[in-house]
$ cat start-v9.txt   # compact mmCIF, C-alpha atoms and all ligand atoms
# COMPACT_ATOMS: atom_id res chain seq x y z
CA MET A 1 -24.14 -15.73 7.82
CA LYS A 2 -22.11 -18.87 8.61
CA ARG A 3 -18.88 -18.80 6.60
CA VAL A 4 -16.88 -15.78 5.46
CA ALA A 5 -13.71 -16.02 3.37
CA ILE A 6 -10.68 -13.76 3.78
CA LEU A 7 -8.55 -12.96 0.71
CA THR A 8 -5.46 -10.75 0.78
CA ARG A 9 -2.65 -8.97 -1.02
CA ASP A 10 0.67 -8.66 0.85
CA GLY A 11 2.05 -5.76 2.88
CA ALA A 12 2.98 -4.73 6.41
CA GLY A 13 -0.11 -4.88 8.60
CA VAL A 14 -2.01 -7.37 6.43
CA ASN A 15 -1.39 -10.21 8.90
CA ALA A 16 -2.52 -7.99 11.78
CA CYS A 17 -5.70 -7.40 9.77
CA ILE A 18 -6.21 -11.14 9.04
CA ARG A 19 -5.95 -11.67 12.81
CA SER A 20 -8.50 -8.96 13.53
CA VAL A 21 -11.00 -10.19 10.91
CA THR A 22 -10.61 -13.83 12.01
CA ARG A 23 -11.18 -13.13 15.67
CA ALA A 24 -14.03 -10.68 15.04
CA LEU A 25 -15.77 -13.27 12.83
CA ILE A 26 -15.38 -16.00 15.46
CA ALA A 27 -16.78 -13.63 18.10
CA LYS A 28 -19.91 -13.34 15.92
CA GLY A 29 -20.19 -17.13 15.54
CA ILE A 30 -19.01 -17.07 11.89
CA GLU A 31 -16.43 -19.53 10.55
CA PRO A 32 -13.43 -17.77 8.92
CA ILE A 33 -12.05 -19.35 5.76
CA GLY A 34 -8.63 -18.26 4.49
CA VAL A 35 -8.20 -18.06 0.73
CA MET A 36 -4.65 -19.08 -0.21
CA ARG A 37 -2.66 -17.17 -2.89
CA GLY A 38 -5.19 -14.36 -3.38
CA TYR A 39 -7.56 -14.56 -6.36
CA ASP A 40 -5.62 -17.56 -7.71
CA GLY A 41 -6.65 -19.56 -4.62
CA LEU A 42 -10.27 -18.60 -5.18
CA ILE A 43 -10.03 -19.87 -8.75
CA ASP A 44 -8.24 -23.10 -7.71
CA ASN A 45 -10.42 -23.84 -4.65
CA ASP A 46 -7.40 -23.46 -2.36
CA LEU A 47 -9.00 -22.68 1.00
CA THR A 48 -8.17 -23.28 4.64
CA VAL A 49 -10.41 -23.14 7.72
CA PHE A 50 -9.16 -20.73 10.38
CA THR A 51 -9.47 -20.94 14.16
CA ARG A 52 -8.43 -18.36 16.76
CA ARG A 53 -5.09 -20.18 16.99
CA SER A 54 -4.45 -19.99 13.22
CA VAL A 55 -3.72 -16.30 13.67
CA SER A 56 -1.67 -16.48 16.88
CA ASN A 57 1.62 -14.54 16.90
CA ILE A 58 1.21 -12.99 13.46
CA ILE A 59 0.47 -9.41 14.55
CA GLY A 60 4.05 -8.25 13.89
CA LEU A 61 4.74 -10.35 10.80
CA GLY A 62 5.13 -8.73 7.38
CA GLY A 63 3.69 -10.19 4.16
CA THR A 64 0.59 -12.37 4.35
CA ILE A 65 0.32 -15.82 5.92
CA LEU A 66 -2.25 -16.59 3.21
CA LYS A 67 0.28 -15.89 0.43
CA THR A 68 -0.88 -13.93 -2.59
CA SER A 69 -0.60 -13.43 -6.35
CA ARG A 70 -1.03 -10.83 -9.09
CA ALA A 71 -4.19 -12.71 -10.11
CA LEU A 72 -4.13 -12.09 -13.84
CA ARG A 73 -6.43 -15.12 -14.29
CA PHE A 74 -9.19 -13.40 -12.34
CA LYS A 75 -9.34 -10.73 -15.04
CA THR A 76 -10.75 -13.34 -17.45
CA GLU A 77 -14.38 -14.57 -17.60
CA ASP A 78 -13.12 -18.13 -17.17
CA GLY A 79 -11.20 -17.20 -14.01
CA GLN A 80 -14.19 -15.35 -12.56
CA ARG A 81 -16.51 -18.28 -13.29
CA LYS A 82 -14.16 -20.70 -11.49
CA ALA A 83 -13.89 -18.33 -8.51
CA LEU A 84 -17.68 -18.23 -8.36
CA GLU A 85 -17.82 -22.06 -8.36
CA THR A 86 -15.45 -22.13 -5.36
CA ILE A 87 -17.63 -19.63 -3.49
CA LYS A 88 -20.82 -21.65 -4.15
CA LYS A 89 -19.25 -25.09 -3.59
CA ASN A 90 -17.89 -24.10 -0.18
CA ASP A 91 -21.08 -22.34 1.01
CA ILE A 92 -19.24 -19.07 1.45
CA ASP A 93 -21.72 -16.35 2.42
CA GLY A 94 -19.38 -13.43 1.84
CA LEU A 95 -15.79 -12.30 1.40
CA ILE A 96 -13.57 -9.78 3.13
CA ILE A 97 -10.85 -8.68 0.73
CA ILE A 98 -7.75 -6.92 2.06
CA GLY A 99 -5.60 -5.10 -0.49
CA GLY A 100 -4.93 -2.14 -2.74
CA ASN A 101 -6.53 -0.90 -5.93
CA GLY A 102 -6.20 -4.17 -7.86
CA SER A 103 -7.64 -6.31 -5.06
CA LEU A 104 -10.50 -3.90 -4.42
CA THR A 105 -11.30 -3.70 -8.13
CA GLY A 106 -11.63 -7.52 -8.11
CA ALA A 107 -13.86 -7.22 -5.03
CA HIS A 108 -16.10 -4.78 -6.89
CA VAL A 109 -16.37 -7.20 -9.85
CA LEU A 110 -17.50 -10.02 -7.52
CA ALA A 111 -20.11 -7.80 -5.88
CA GLU A 112 -21.45 -5.92 -8.90
CA LYS A 113 -21.27 -8.55 -11.62
CA TYR A 114 -21.94 -11.72 -9.60
CA ASN A 115 -23.93 -10.39 -6.64
CA ILE A 116 -21.50 -11.82 -4.07
CA THR A 117 -21.39 -10.14 -0.66
CA VAL A 118 -17.99 -8.43 -0.43
CA ILE A 119 -16.39 -5.95 1.96
CA GLY A 120 -13.00 -4.40 1.12
CA ILE A 121 -10.27 -3.31 3.53
CA PRO A 122 -7.68 -0.87 2.10
CA ALA A 123 -4.12 -2.15 2.45
CA THR A 124 -1.47 -0.63 0.19
CA ILE A 125 1.77 1.27 0.77
CA ASP A 126 0.65 3.83 -1.83
CA ASN A 127 -2.22 5.31 0.25
CA ASP A 128 -4.17 5.83 -2.97
CA ILE A 129 -7.62 4.52 -2.00
CA ASN A 130 -10.14 7.23 -2.69
CA GLY A 131 -12.39 8.71 0.00
CA ILE A 132 -10.42 7.66 3.09
CA ASP A 133 -7.45 8.99 5.05
CA GLY A 134 -5.01 6.10 5.33
CA THR A 135 -4.29 2.57 4.16
CA ILE A 136 -2.71 -0.34 6.04
CA GLY A 137 1.01 -0.56 5.23
CA SER A 138 1.54 3.03 4.17
CA ASP A 139 2.92 4.25 7.51
CA THR A 140 5.36 1.32 7.67
CA ALA A 141 6.61 2.01 4.13
CA ILE A 142 7.21 5.68 4.92
CA ASN A 143 9.12 4.76 8.08
CA VAL A 144 11.27 2.18 6.23
CA ALA A 145 12.14 4.72 3.54
CA MET A 146 12.79 7.46 6.10
CA ASP A 147 15.10 5.14 8.03
CA ALA A 148 17.03 4.42 4.81
CA VAL A 149 17.35 8.15 4.10
CA ASP A 150 18.65 8.78 7.63
CA LYS A 151 21.38 6.19 7.01
CA ILE A 152 22.27 7.53 3.58
CA ARG A 153 22.59 11.02 5.08
CA ASP A 154 25.65 9.85 7.05
CA THR A 155 27.55 9.13 3.83
CA ALA A 156 26.03 12.03 1.91
CA SER A 157 27.20 14.57 4.46
CA SER A 158 30.55 12.90 5.21
CA LEU A 159 31.52 12.73 1.53
CA GLU A 160 29.58 15.84 0.43
CA ARG A 161 27.77 13.84 -2.17
CA ILE A 162 24.42 13.93 -3.92
CA PHE A 163 22.13 10.91 -3.57
CA VAL A 164 18.94 10.25 -5.49
CA VAL A 165 16.65 7.81 -3.65
CA GLU A 166 13.84 6.11 -5.57
CA VAL A 167 10.86 5.04 -3.46
CA MET A 168 7.86 2.95 -4.51
CA GLY A 169 4.73 4.38 -6.08
CA ARG A 170 4.02 3.34 -9.63
CA ASP A 171 0.96 5.55 -9.97
CA CYS A 172 1.17 7.69 -6.87
CA GLY A 173 3.86 9.89 -5.31
CA TYR A 174 2.52 9.73 -1.76
CA ILE A 175 5.49 7.91 -0.17
CA ALA A 176 7.92 10.29 -1.91
CA SER A 177 6.06 13.36 -0.66
CA GLN A 178 6.03 12.13 2.95
CA VAL A 179 9.64 10.92 3.01
CA ALA A 180 10.81 14.21 1.52
CA ILE A 181 9.47 15.97 4.61
CA ALA A 182 10.18 13.30 7.26
CA GLY A 183 13.69 12.66 5.92
CA GLY A 184 14.48 16.33 5.30
CA CYS A 185 15.22 15.85 1.61
CA GLU A 186 14.27 17.35 -1.70
CA ASP A 187 11.09 16.28 -3.49
CA PHE A 188 12.30 15.86 -7.04
CA ASN A 189 11.59 18.47 -9.72
CA ILE A 190 14.28 18.45 -12.43
CA THR A 191 13.33 21.84 -13.86
CA THR A 192 14.49 23.67 -10.77
CA LEU A 193 16.67 21.12 -8.99
CA CYS A 194 19.94 21.61 -10.87
CA GLU A 195 19.76 25.38 -10.43
CA GLU A 196 19.07 24.91 -6.73
CA ILE A 197 22.00 22.50 -6.36
CA SER A 198 24.40 24.91 -8.07
CA TRP A 199 23.09 27.82 -5.99
CA GLY A 200 23.14 25.72 -2.78
CA ASN A 201 26.72 24.67 -3.45
CA CYS A 202 27.78 28.32 -3.54
CA GLN A 203 26.02 28.78 -0.18
CA GLY A 204 27.91 25.85 1.37
CA LYS A 205 25.22 23.16 1.02
CA LEU A 206 27.40 20.33 -0.26
CA SER A 207 25.30 17.21 0.26
CA TRP A 208 21.84 16.53 -1.13
CA ILE A 209 19.32 13.74 -0.83
CA ILE A 210 16.69 13.81 -3.54
CA ILE A 211 13.56 11.65 -3.44
CA THR A 212 11.72 10.40 -6.50
CA ALA A 213 8.75 8.07 -6.90
CA GLU A 214 9.34 5.11 -9.26
CA GLY A 215 6.41 6.16 -11.45
CA LYS A 216 7.60 9.76 -11.79
CA ALA A 217 11.27 9.41 -12.76
CA LYS A 218 13.94 6.76 -12.29
CA ALA A 219 16.73 7.53 -9.83
CA ALA A 220 19.40 6.44 -12.33
CA ASP A 221 18.13 8.89 -14.97
CA ILE A 222 17.97 11.78 -12.51
CA ALA A 223 21.45 11.04 -11.14
CA LYS A 224 22.83 11.03 -14.68
CA GLN A 225 21.14 14.34 -15.52
CA ILE A 226 22.34 16.03 -12.32
CA ASN A 227 25.87 14.83 -12.96
CA GLN A 228 25.78 16.04 -16.56
CA ILE A 229 24.33 19.45 -15.71
CA THR A 230 26.19 20.26 -12.48
CA GLY A 231 29.30 18.12 -12.85
CA LEU A 232 28.84 16.93 -9.24
CA GLU A 233 29.21 13.31 -8.20
CA THR A 234 25.73 11.81 -7.83
CA ARG A 235 24.74 8.31 -6.71
CA GLU A 236 21.39 6.57 -6.99
CA LEU A 237 19.61 4.09 -4.74
CA VAL A 238 16.39 2.16 -5.44
CA LEU A 239 14.68 1.05 -2.21
CA GLY A 240 12.16 -1.30 -3.87
CA HIS A 241 10.19 -3.94 -2.01
CA ILE A 242 11.90 -3.48 1.37
CA GLN A 243 9.25 -0.75 1.78
CA ARG A 244 6.40 -3.25 1.49
CA GLY A 245 7.79 -5.87 3.90
CA GLY A 246 8.87 -6.03 7.50
CA ALA A 247 7.15 -5.58 10.82
CA PRO A 248 4.24 -3.11 10.71
CA THR A 249 4.42 0.10 12.75
CA ALA A 250 2.07 0.52 15.72
CA LYS A 251 -0.04 2.89 13.60
CA ASP A 252 -0.54 0.24 10.89
CA ARG A 253 -1.35 -2.48 13.44
CA ILE A 254 -3.97 -0.28 15.09
CA LEU A 255 -5.50 0.64 11.73
CA ALA A 256 -5.56 -3.07 10.81
CA ALA A 257 -7.28 -3.97 14.08
CA ARG A 258 -9.94 -1.27 13.69
CA LEU A 259 -10.67 -1.95 10.03
CA GLY A 260 -10.84 -5.72 10.55
CA ILE A 261 -13.57 -5.32 13.15
CA ALA A 262 -15.34 -2.68 11.03
CA ALA A 263 -15.39 -5.02 8.02
CA VAL A 264 -16.94 -7.81 10.07
CA ASP A 265 -19.55 -5.42 11.51
CA ALA A 266 -20.39 -4.31 7.96
CA ILE A 267 -20.75 -7.82 6.55
CA VAL A 268 -22.92 -8.92 9.49
CA ALA A 269 -25.10 -5.83 8.95
CA GLY A 270 -25.76 -7.03 5.39
CA LYS A 271 -23.60 -4.44 3.63
CA SER A 272 -21.76 -5.23 0.40
CA ASP A 273 -19.70 -3.66 -2.39
CA ILE A 274 -18.13 -1.21 0.06
CA CYS A 275 -14.71 -0.56 1.51
CA VAL A 276 -14.30 0.33 5.18
CA GLY A 277 -11.86 3.08 6.06
CA ILE A 278 -11.07 5.86 8.47
CA LYS A 279 -11.66 9.56 7.90
CA ASP A 280 -11.01 12.12 10.64
CA ASP A 281 -10.50 9.18 13.02
CA ILE A 282 -14.02 7.85 12.40
CA ILE A 283 -14.86 4.57 10.64
CA ILE A 284 -16.61 5.20 7.34
CA GLU A 285 -17.85 3.07 4.43
CA VAL A 286 -17.10 4.03 0.82
CA PRO A 287 -18.68 2.26 -2.19
CA LEU A 288 -15.98 0.17 -3.92
CA ALA A 289 -16.76 1.92 -7.21
CA ILE A 290 -15.67 5.20 -5.60
CA ALA A 291 -12.81 3.80 -3.48
CA THR A 292 -11.10 2.46 -6.63
CA MET A 293 -11.25 5.80 -8.48
CA PRO A 294 -8.04 7.87 -8.63
CA LYS A 295 -7.44 9.66 -5.33
CA LYS A 296 -6.86 13.39 -5.41
CA TRP A 297 -4.53 14.82 -2.81
CA ASP A 298 -2.67 18.04 -2.31
CA VAL A 299 0.72 17.22 -3.86
CA GLU A 300 1.64 20.91 -3.98
CA LEU A 301 1.17 21.30 -0.22
CA TYR A 302 3.85 18.71 0.56
CA TYR A 303 6.11 19.92 -2.22
CA LYS A 304 5.97 23.48 -0.84
CA ILE A 305 6.83 22.29 2.69
CA SER A 306 9.87 20.28 1.61
CA LYS A 307 11.01 23.11 -0.66
CA MET A 308 10.71 25.69 2.10
CA LEU A 309 12.61 23.61 4.66
CA ASN A 310 15.48 22.23 2.58
O1 LIG B 1 0.66 -0.85 -5.46
C1 LIG B 1 1.62 -1.01 -4.48
C2 LIG B 1 2.97 -1.17 -5.10
O2 LIG B 1 3.89 -1.48 -4.08
C3 LIG B 1 3.47 0.01 -5.93
O3 LIG B 1 3.96 1.09 -5.21
C4 LIG B 1 4.50 -0.67 -6.78
O4 LIG B 1 4.76 0.00 -7.95
C5 LIG B 1 3.86 -1.99 -7.06
O5 LIG B 1 3.01 -2.27 -5.98
C6 LIG B 1 4.83 -3.09 -7.24
O6 LIG B 1 4.14 -4.24 -7.57
P1 LIG B 1 4.85 -5.65 -7.77
O7 LIG B 1 5.35 -6.07 -6.42
O8 LIG B 1 3.80 -6.56 -8.24
O9 LIG B 1 5.96 -5.43 -8.71

$ encode --input "start-v9.txt" --output "structure tokens"
Amino acid sequence: MKRVAILTRDGAGVNACIRSVTRALIAKGIEPIGVMRGYDGLIDNDLTVFTRRSVSNIIGLGGTILKTSRALRFKTEDGQRKALETIKKNDIDGLIIIGGNGSLTGAHVLAEKYNITVIGIPATIDNDINGIDGTIGSDTAINVAMDAVDKIRDTASSLERIFVVEVMGRDCGYIASQVAIAGGCEDFNITTLCEEISWGNCQGKLSWIIITAEGKAKAADIAKQINQITGLETRELVLGHIQRGGAPTAKDRILAARLGIAAVDAIVAGKSDICVGIKDDIIIEVPLAIATMPKKWDVELYYKISKMLN
């Protein structure tokens, strides 16, 4: 194995992971090649050779120094064929792909359909990669959202107001469930919430912070409903992409460092079509076909905790 390409999606901790993969590859005598703009760069032959110095001082940077894209073109046969040409033309022996469900699904296509050696590294704020415990970027996103909730609490309690905070998670309510507990707020459930607010108000609980995931219900709709049902002043706040950017937490940097090395070990050992991850603090490998399946987790457990404590 002489040349391995690195392709990424964005998110806190992705740069720390690029650094880890790059330096682990160089330590094994393999040349790291950065793919610019995600799958689009693979299609357009937009590559850059990395050295140890290419990844200096990026450990705490958000986003991805490689830039990225939604890569709709890679979903077409034509796009995939062009990506394959780039891989062959540049004598790339394998790819390490860092990203969430979409990126890892693309990785699986390259491995299964075109027999390319590919290792995936899970990096998404949603923590929805199946078979493993955590994904790069998820801890940072939870901390960003929790910090925002802490700040909103100042106004909520001073003005005795209700706030509905919408966090990211198009298909997964993981961030919402964690922030509800870490921020001491309500995990949203409209069927019971308005009754609880009215009851709480009688008991002297005059400010509320309610968390919703973007894919579950929009903050603006919930705020309107609460206002209509309870008559209480309710404001909404959408946190959006601030959760995906910024400096990664120590936890995300350490995860990125470990998984970067694990991915290089796996590719050198001749593995392919797998995603490296951590389960019970041990590095494991999960077939990409399984990693990209919907992840089941105990939503009720977190909901019960936030309900009991708020
Ligand atoms: O999959 C990660 C995620 O951040 C989701 O939580 C969110 O819905 C989506 O990506 C947003 O994607 P985009 O930045 O392309 O709008």

$ atom_distance --input "start-v9.txt" --atom1 "CA of Gln243 in chain A" --atom2 "atom O4 of ligand LIG 1 (chain B)"
10.7 Å

$ atom_distance --input "start-v9.txt" --atom1 "CA of Asp154 in chain A" --atom2 "CA of Glu166 in chain A"
17.7 Å

$ closest_atom_pairs --input "start-v9.txt" --of "chain A" --to "ligand LIG 1 (chain B)" --cutoff "6 Å" --atoms "only C-alpha atoms and all ligand atoms" --output "Markdown table"
| residue | atom | partner | partner_atom | distance |
| --- | --- | --- | --- | --- |
| A:Thr124 | CA | B:LIG1 | C1 | 5.6 |
| A:Ile125 | CA | B:LIG1 | C1 | 5.7 |
| A:Asp126 | CA | B:LIG1 | O3 | 5.5 |
| A:Met168 | CA | B:LIG1 | O3 | 4.4 |
| A:Gly169 | CA | B:LIG1 | O3 | 3.5 |
| A:Arg170 | CA | B:LIG1 | O4 | 3.8 |

$ closest_residue --input "start-v9.txt" --among "A:Gly246, A:Ile116, A:Glu236, A:Ile282" --to "Lys218 in chain A" --atoms "all atoms listed in the file"
A:Glu236

$ atom_distance --input "start-v9.txt" --atom1 "CA of Ala223 in chain A" --atom2 "CA of Cys172 in chain A"
21.0 Å

$ residues_around --input "start-v9.txt" --residues "Trp208 in chain A" --least-positions-apart "2" --cutoff "7 Å" --atoms "only C-alpha atoms" --output "PyMOL selection string"
chain A and resi 156+161-163+206+210

$ closest_residue --input "start-v9.txt" --among "A:Gly173, A:Gly183, A:Gly245, A:Gly102" --to "Asn127 in chain A" --atoms "all atoms listed in the file"
A:Gly173
